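S.K.: Take a look at start_31.txt, compact mmCIF, C-alpha atoms and all ligand atoms:
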```txt
# COMPACT_ATOMS: atom_id res chain seq x y z
CA MET A 29 -34.88 93.33 124.50
CA MET A 30 -32.58 90.34 124.54
CA LYS A 31 -31.51 89.08 127.91
CA GLY A 32 -28.22 90.58 128.93
CA ILE A 33 -27.85 92.75 125.85
CA HIS A 34 -28.17 96.48 126.13
CA ILE A 35 -29.63 98.06 123.07
CA GLY A 36 -30.28 101.59 124.26
CA HIS A 37 -27.86 103.11 121.83
CA ASP A 38 -29.57 106.48 121.55
CA SER A 39 -29.10 107.38 125.20
CA LYS A 40 -25.54 108.59 124.69
CA GLU A 41 -24.64 111.39 122.38
CA VAL A 42 -22.47 110.24 119.55
CA ILE A 43 -19.77 112.85 119.64
CA ASN A 44 -16.04 112.46 119.19
CA LEU A 45 -16.73 109.45 117.02
CA LYS A 46 -15.20 109.62 113.59
CA ASN A 47 -14.23 107.62 110.56
CA LYS A 48 -11.03 108.25 108.70
CA VAL A 49 -8.73 106.29 106.45
CA ILE A 50 -5.34 107.57 105.35
CA ARG A 51 -3.20 106.22 102.55
CA VAL A 52 0.52 106.49 103.16
CA THR A 53 3.75 105.56 101.50
CA ALA A 54 7.14 105.11 103.12
CA ALA A 55 10.74 104.26 102.26
CA ASP A 56 10.67 105.76 98.77
CA ASN A 57 7.33 104.20 97.81
CA SER A 58 8.56 100.69 98.59
CA ILE A 59 6.03 100.47 101.44
CA ARG A 60 2.38 101.39 101.14
CA GLY A 61 -0.09 101.47 103.97
CA PHE A 62 -3.63 102.23 104.99
CA PHE A 63 -4.41 103.36 108.53
CA ALA A 64 -7.98 103.67 109.74
CA ASP A 65 -10.09 105.00 112.56
CA THR A 66 -13.48 103.37 112.13
CA THR A 67 -15.03 104.11 115.52
CA ALA A 68 -18.23 105.75 114.22
CA MET A 69 -18.72 103.11 111.50
CA VAL A 70 -18.45 100.26 114.00
CA GLU A 71 -20.69 102.04 116.52
CA ARG A 72 -23.33 102.35 113.82
CA ALA A 73 -23.02 98.67 112.91
CA MET A 74 -23.35 97.71 116.58
CA ALA A 75 -26.56 99.73 116.92
CA LEU A 76 -28.09 98.45 113.65
CA HIS A 77 -27.41 94.82 114.50
CA GLU A 78 -27.87 95.03 118.28
CA ALA A 79 -24.65 93.06 118.37
CA SER A 80 -22.96 91.60 121.44
CA PRO A 81 -19.39 92.76 122.20
CA VAL A 82 -17.71 89.72 120.64
CA ALA A 83 -19.98 89.89 117.58
CA ILE A 84 -19.23 93.56 116.97
CA ALA A 85 -15.52 92.95 117.56
CA ALA A 86 -15.53 90.35 114.75
CA LEU A 87 -17.78 92.34 112.44
CA GLY A 88 -16.02 95.64 113.24
CA ARG A 89 -12.59 94.21 112.44
CA THR A 90 -13.89 92.93 109.11
CA LEU A 91 -15.63 96.24 108.29
CA THR A 92 -12.38 98.06 109.07
CA ALA A 93 -10.32 95.80 106.78
CA VAL A 94 -12.79 96.02 103.91
CA SER A 95 -13.04 99.80 104.19
CA MET A 96 -9.27 100.04 103.71
CA MET A 97 -9.29 97.40 100.95
CA GLY A 98 -11.88 99.48 99.09
CA PHE A 99 -9.12 102.03 98.42
CA MET A 100 -7.03 99.34 96.73
CA LEU A 101 -9.71 99.08 94.02
CA LYS A 102 -8.71 101.00 90.95
CA GLY A 103 -11.93 102.23 89.40
CA GLU A 104 -15.41 103.59 89.99
CA ASP A 105 -18.39 101.35 90.77
CA GLN A 106 -16.13 98.54 91.87
CA GLN A 107 -17.08 96.37 94.76
CA ILE A 108 -15.39 94.06 97.20
CA THR A 109 -17.12 91.32 99.18
CA VAL A 110 -15.51 89.48 102.07
CA LYS A 111 -17.04 86.37 103.55
CA ILE A 112 -15.64 84.66 106.62
CA ASN A 113 -17.02 81.40 107.92
CA GLY A 114 -14.95 79.76 110.62
CA GLY A 115 -17.57 77.33 111.90
CA GLY A 116 -17.82 79.14 115.26
CA PRO A 117 -21.03 80.30 116.99
CA LEU A 118 -21.07 83.65 115.15
CA GLY A 119 -21.70 81.95 111.81
CA THR A 120 -20.91 83.74 108.58
CA ILE A 121 -19.57 87.28 108.57
CA MET A 122 -20.36 89.12 105.36
CA VAL A 123 -19.03 92.57 104.46
CA VAL A 124 -19.38 94.48 101.21
CA GLY A 125 -17.41 97.62 100.41
CA ASN A 126 -16.81 99.99 97.53
CA GLU A 127 -13.96 102.09 96.14
CA LYS A 128 -14.95 105.00 98.39
CA GLY A 129 -14.31 102.96 101.53
CA ASN A 130 -18.00 102.69 102.35
CA VAL A 131 -19.00 99.36 103.82
CA LYS A 132 -22.02 97.40 104.95
CA GLY A 133 -22.05 94.07 106.70
CA TYR A 134 -23.61 91.60 109.03
CA VAL A 135 -22.82 88.61 111.16
CA ALA A 136 -25.25 85.65 111.08
CA ASN A 137 -25.65 85.40 114.87
CA PRO A 138 -25.05 88.87 116.33
CA ARG A 139 -26.22 88.00 119.87
CA VAL A 140 -23.57 85.37 120.60
CA GLU A 141 -22.49 85.67 124.20
CA SER A 142 -19.01 87.04 124.68
CA THR A 143 -16.19 85.17 126.32
CA ASN A 144 -12.84 86.64 127.29
CA ILE A 145 -9.30 85.36 126.82
CA ARG A 146 -8.45 87.48 129.86
CA PRO A 147 -10.35 90.33 131.54
CA GLY A 148 -11.06 93.00 128.93
CA LYS A 149 -9.82 90.87 126.02
CA LEU A 150 -12.62 89.33 123.97
CA ASP A 151 -12.07 85.86 122.55
CA VAL A 152 -12.89 86.73 118.94
CA GLY A 153 -11.10 83.68 117.52
CA ALA A 154 -13.30 81.25 119.47
CA ALA A 155 -16.51 83.04 118.42
CA VAL A 156 -15.48 83.16 114.74
CA GLY A 157 -13.89 79.71 114.72
CA SER A 158 -10.85 78.73 112.66
CA LYS A 159 -12.16 75.80 110.66
CA GLY A 160 -13.16 77.58 107.52
CA GLU A 161 -12.15 80.12 104.94
CA LEU A 162 -11.83 83.77 104.17
CA THR A 163 -13.13 84.56 100.71
CA VAL A 164 -12.60 87.82 98.84
CA ILE A 165 -14.64 88.61 95.74
CA LYS A 166 -13.74 91.71 93.76
CA ASP A 167 -16.21 92.93 91.21
CA LEU A 168 -14.03 95.03 88.96
CA GLY A 169 -16.69 95.62 86.33
CA MET A 170 -15.33 92.84 84.12
CA LYS A 171 -17.27 89.82 82.93
CA GLU A 172 -15.98 87.57 85.68
CA PRO A 173 -15.35 88.83 89.21
CA TYR A 174 -11.99 88.03 90.81
CA ALA A 175 -12.33 85.56 93.68
CA GLY A 176 -9.70 84.32 96.11
CA THR A 177 -10.06 82.02 99.10
CA TYR A 178 -7.65 81.04 101.85
CA PRO A 179 -8.13 78.86 104.97
CA LEU A 180 -8.47 80.77 108.24
CA THR A 181 -5.44 80.91 110.51
CA SER A 182 -6.98 81.77 113.87
CA GLY A 183 -10.37 83.42 113.35
CA GLU A 184 -8.90 86.58 114.89
CA ILE A 185 -9.50 88.28 111.50
CA GLY A 186 -6.31 90.39 111.27
CA GLU A 187 -4.07 87.34 110.96
CA ASP A 188 -6.53 85.76 108.57
CA PHE A 189 -6.41 88.75 106.22
CA ALA A 190 -2.58 88.74 106.37
CA ALA A 191 -2.52 85.05 105.39
CA TYR A 192 -5.03 85.68 102.61
CA PHE A 193 -2.93 88.55 101.17
CA MET A 194 0.27 86.50 101.37
CA HIS A 195 -1.00 83.27 99.84
CA SER A 196 -3.92 84.27 97.67
CA GLU A 197 -2.61 87.56 96.28
CA GLN A 198 1.13 86.90 96.79
CA GLN A 199 1.29 90.25 98.58
CA PRO A 200 3.27 90.27 101.85
CA SER A 201 1.19 92.34 104.26
CA ALA A 202 0.94 93.20 107.92
CA VAL A 203 -2.65 93.57 109.08
CA ALA A 204 -3.79 94.81 112.47
CA LEU A 205 -7.46 95.29 113.33
CA GLY A 206 -9.00 96.22 116.65
CA VAL A 207 -12.33 97.06 118.25
CA LEU A 208 -12.60 98.25 121.85
CA VAL A 209 -16.03 97.87 123.43
CA ASP A 210 -16.66 100.08 126.44
CA VAL A 211 -18.31 98.81 129.62
CA ASP A 212 -21.51 100.63 128.62
CA TYR A 213 -21.67 98.66 125.34
CA HIS A 214 -20.55 101.52 123.17
CA ILE A 215 -17.55 101.46 120.89
CA LYS A 216 -14.67 103.12 122.65
CA ALA A 217 -12.47 102.92 119.59
CA ALA A 218 -12.01 100.89 116.43
CA GLY A 219 -9.39 100.94 113.73
CA GLY A 220 -6.45 99.22 112.15
CA PHE A 221 -3.87 99.16 109.43
CA ILE A 222 -2.77 97.24 106.37
CA ILE A 223 0.91 97.65 105.48
CA GLN A 224 2.21 96.15 102.24
CA VAL A 225 5.72 95.96 100.88
CA LEU A 226 6.48 96.21 97.20
CA PRO A 227 8.91 93.86 95.43
CA ASP A 228 11.61 96.54 95.06
CA ILE A 229 11.93 97.11 98.80
CA ASP A 230 15.48 97.41 100.12
CA GLU A 231 16.38 94.37 102.23
CA GLU A 232 17.60 96.43 105.11
CA VAL A 233 14.38 98.46 105.15
CA LEU A 234 12.39 95.23 105.11
CA ARG A 235 14.33 93.86 108.08
CA GLU A 236 13.79 97.12 109.93
CA LEU A 237 10.05 97.02 109.22
CA GLU A 238 9.76 93.41 110.34
CA ALA A 239 11.62 94.18 113.56
CA ARG A 240 9.35 97.17 114.15
CA LEU A 241 6.20 95.11 113.58
CA ASN A 242 7.46 92.29 115.81
CA GLN A 243 7.82 94.58 118.79
CA LEU A 244 4.66 96.56 118.09
CA GLU A 245 2.02 96.71 120.82
CA PRO A 246 -1.42 95.29 120.01
CA ILE A 247 -3.42 97.75 117.90
CA THR A 248 -6.10 98.04 120.59
CA THR A 249 -3.44 99.19 123.06
CA LEU A 250 -2.39 101.97 120.67
CA ILE A 251 -5.99 102.98 120.05
CA GLU A 252 -6.74 102.93 123.77
CA ARG A 253 -3.86 105.35 124.29
CA GLY A 254 -5.80 107.80 122.15
CA MET A 255 -3.52 107.53 119.14
CA THR A 256 -5.09 108.63 115.86
CA GLU A 257 -4.58 106.88 112.54
CA THR A 258 -1.82 109.40 111.74
CA ASP A 259 -0.14 108.84 115.12
CA ILE A 260 -0.17 105.09 114.52
CA ALA A 261 1.26 105.50 111.00
CA ASN A 262 4.10 107.58 112.43
CA HIS A 263 4.56 105.21 115.34
CA VAL A 264 4.97 102.21 113.02
CA LEU A 265 6.67 103.77 109.98
CA GLY A 266 7.97 107.05 111.38
CA LYS A 267 11.64 106.29 110.78
CA MET A 268 10.98 105.30 107.19
CA ASP A 269 10.07 108.69 105.81
CA VAL A 270 6.31 108.24 105.94
CA LYS A 271 4.20 110.43 103.65
CA ILE A 272 0.42 110.81 103.85
CA VAL A 273 -0.76 110.56 100.25
CA GLU A 274 -4.45 110.97 100.84
CA ALA A 275 -6.97 111.22 103.67
CA TYR A 276 -10.54 110.03 103.36
CA ASP A 277 -13.07 111.44 105.84
CA GLU A 278 -16.21 110.25 104.12
CA VAL A 279 -15.96 106.55 104.84
CA ASP A 280 -18.88 105.07 106.76
CA PHE A 281 -21.27 102.21 107.26
CA TYR A 282 -23.65 102.71 104.38
CA CYS A 283 -26.45 100.46 103.16
CA ASP A 284 -27.80 100.99 99.65
CA CYS A 285 -30.78 98.66 99.95
CA HIS A 286 -34.03 99.71 98.31
CA GLU A 287 -37.50 98.36 97.70
CA GLU A 288 -36.88 97.10 94.15
CA ARG A 289 -34.00 94.90 95.29
CA LEU A 290 -36.22 93.16 97.86
CA GLU A 291 -38.98 92.96 95.27
CA ARG A 292 -36.61 91.02 93.05
CA ALA A 293 -35.79 88.72 95.98
CA LEU A 294 -39.51 88.10 96.46
CA ILE A 295 -40.00 87.31 92.79
CA SER A 296 -37.06 84.91 92.87
CA ILE A 297 -38.73 82.64 95.45
CA GLY A 298 -41.07 81.43 92.71
CA LYS A 299 -44.66 81.64 91.61
CA GLU A 300 -46.13 78.95 93.85
CA GLU A 301 -44.41 80.23 96.97
CA LEU A 302 -45.55 83.78 96.23
CA LYS A 303 -49.11 82.56 95.69
CA SER A 304 -49.17 80.78 99.03
CA ILE A 305 -47.80 83.89 100.82
CA ILE A 306 -50.65 85.93 99.34
CA GLU A 307 -53.29 83.34 100.27
CA GLU A 308 -51.99 82.39 103.70
CA ASP A 309 -50.30 85.52 105.04
CA GLY A 310 -51.87 88.29 103.00
CA GLY A 311 -48.57 90.18 102.97
CA ALA A 312 -44.84 89.84 103.44
CA GLU A 313 -42.24 91.58 105.52
CA MET A 314 -38.71 91.55 104.16
CA VAL A 315 -35.71 92.58 106.21
CA CYS A 316 -32.38 93.78 104.77
CA HIS A 317 -29.64 91.60 106.28
CA PHE A 318 -27.12 94.42 106.11
CA CYS A 319 -29.00 97.18 107.95
CA ASN A 320 -32.12 95.48 109.35
CA LYS A 321 -34.42 97.88 107.54
CA LYS A 322 -37.90 96.38 107.17
CA TYR A 323 -39.88 96.49 103.95
CA TYR A 324 -43.56 95.58 103.94
CA PHE A 325 -45.38 94.28 100.88
CA ASP A 326 -49.18 94.17 101.17
CA LYS A 327 -51.54 91.83 99.37
CA GLU A 328 -52.07 94.25 96.49
CA ARG A 329 -48.34 94.67 95.86
CA LEU A 330 -47.73 90.94 96.04
CA THR A 331 -50.57 90.23 93.62
CA ALA A 332 -49.08 92.73 91.18
CA LEU A 333 -45.67 91.05 91.55
CA LEU A 334 -47.23 87.66 90.94
CA LYS A 335 -48.82 88.97 87.76
CA GLU A 336 -45.40 90.18 86.64
CA THR A 337 -43.82 86.75 87.15
CA THR A 338 -46.61 84.90 85.33
CA ARG A 339 -46.54 87.24 82.37
ZN ZN A 401 -30.11 97.72 103.99
```
Let me see the file written as structure tokens.
Ligand SMILES: [Zn+2]

M.R.:
Amino acid sequence: MMKGIHIGHDSKEVINLKNKVIRVTAADNSIRGFFADTTAMVERAMALHEASPVAIAALGRTLTAVSMMGFMLKGEDQQITVKINGGGPLGTIMVVGNEKGNVKGYVANPRVESTNIRPGKLDVGAAVGSKGELTVIKDLGMKEPYAGTYPLTSGEIGEDFAAYFMHSEQQPSAVALGVLVDVDYHIKAAGGFIIQVLPDIDEEVLRELEARLNQLEPITTLIERGMTETDIANHVLGKMDVKIVEAYDEVDFYCDCHEERLERALISIGKEELKSIIEEDGGAEMVCHFCNKKYYFDKERLTALLKETTR
């Protein structure tokens, strides 16, 4: 066990934890929004990565955003990858999601010690860093994937996604993301929203929305109050005739790694390297970055793989 990090995640029953994303429209379809409760998803990520509070806050915010962004994809078997590297101690944050809102992700250094801005408020921006970029890659099943990159604003993640949407996709958006870590190192609550306005929005409605967002409490405050994703949607957009279009209960942290994928990774290191692993180590253990699942390849398997590469 790492010093100062509690990893006994199975001691507490995981009840009352849920994942849910709702898609809403408001003001005659001139506003669209996604509101999410990702508590269970983030709890699972924290356990898999044995992440410190500040690491899971950064990763959890990104997982939450990507889960919602998955529902902006238009077709089946489409994939979205978000990479954030702000030069801070956490290193790269990588999250991959699909059109069903399922996500997987990791942070390069999940044990980074947490610092607070003030008691109870984790300094996510300092841990992520703000000297870097947020990159979004969308694999839409075409020849070339779509890729957009925008410099980080603060490393607080929510603001960085808002800047990315505005400048890289020319889509004005309000993004709020929050993860609350309990004193016992469990996730108390996690969630967020992405609100986007369409070009035909009435100017008065836009002013009203901006005023509403300007005086909005931090998302973690709303979550801490016990507000659900629907409560928050009504709280933010309630006066604008908000309609829930769809609700997705099946979103989760989901890793699709399998042996063949890691086999291919082994093959890709090259013949000579593979040969020396067989001779010197007699076997290889490969770990999936996304879920930490271990795969073991014994001498026999590696020799067979080597034969395949030399054929
Ligand atoms: Zn995996």

S.K.: Within 7 Å of ligand ZN 401 (chain A), which residues of chain A come that close, and what is the closest atom pair and distance in Å for each? Count all atoms listed in the file and give it as CSV.

M.R.:
```
residue,atom,partner,partner_atom,distance
A:Cys283,CA,A:ZN401,ZN,4.6
A:Asp284,CA,A:ZN401,ZN,5.9
A:Cys285,CA,A:ZN401,ZN,4.2
A:Cys316,CA,A:ZN401,ZN,4.6
A:His317,CA,A:ZN401,ZN,6.6
A:Phe318,CA,A:ZN401,ZN,4.9
A:Cys319,CA,A:ZN401,ZN,4.1
A:Asn320,CA,A:ZN401,ZN,6.1
A:Lys321,CA,A:ZN401,ZN,5.6
```

S.K.: Give the answer as one residue: which of A:Ala217, A:Ile306, A:Ile165, A:Ala191 has the shortest atom-to-atom distance to Gly254 of chain A, using all atoms listed in the file?

M.R.: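 That would be A:Ala217, the residue with the smallest distance to Gly254 of chain A.
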
S.K.: Under the rule that all atoms listed in the file are counted, which of A:Met97, A:Ala312, A:Met268, A:Val211 is the nearest residue to Pro147 of chain A?

M.R.: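 Of all the options, A:Val211 lies closest to Pro147 of chain A.
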
S.K.: Point out the residue among A:Asn57, A:Asn130, A:Thr109, A:Thr90 with the least atom-to-atom distance to Val156 of chain A, counting all atoms listed in the file.

M.R.: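 Comparing A:Asn57, A:Asn130, A:Thr109, A:Thr90 against Val156 of chain A, the winner is A:Thr90.
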
S.K.: Under the rule that only C-alpha atoms are counted, which of A:Asn47, A:Arg289, A:Leu87, A:Asn137 is the nearest residue to Val315 of chain A?

M.R.: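 Using only C-alpha atoms, Val315 of chain A sits closest to A:Arg289.
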
S.K.: Find the residues near Tyr178 of chain A: any atom within 6 Å, counting all atoms listed in the file, skip ones fewer than 4 places away on the same chain, and give them as a VMD selection string.

M.R.: chain A and resid 161 to 162 192

S.K.: Which one is closest to Glu104 of chain A: A:Gly169, A:Ile84, A:Gly153, A:Leu294? Count only C-alpha atoms.

M.R.: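 The closest residue to Glu104 of chain A is A:Gly169.
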
S.K.: What separation in Å, quoted to one decimal, exists between atom CA of Phe221 of chain A and atom CA of Thr92 of chain A?

M.R.: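 Result for atom CA of Phe221 of chain A versus atom CA of Thr92 of chain A: 8.6 Å, one decimal.
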
S.K.: So how many Å separate atom CA of Val164 of chain A and atom CA of Leu234 of chain A, to one decimal?

M.R.: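 These two atoms are separated by 26.8 Å.
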
S.K.: Here is a test: counting all atoms listed in the file, which residue of A:Lys48, A:Arg89, A:Lys299, A:Lys327 is nearest to Ala64 of chain A?

M.R.: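 When distances to Ala64 of chain A are compared using all atoms listed in the file, the smallest one comes from A:Lys48.
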
S.K.: For atom CA of Pro173 of chain A and atom CA of Tyr282 of chain A, determine how far apart the two atoms are, in Å to one decimal place.

M.R.: 22.2 Å
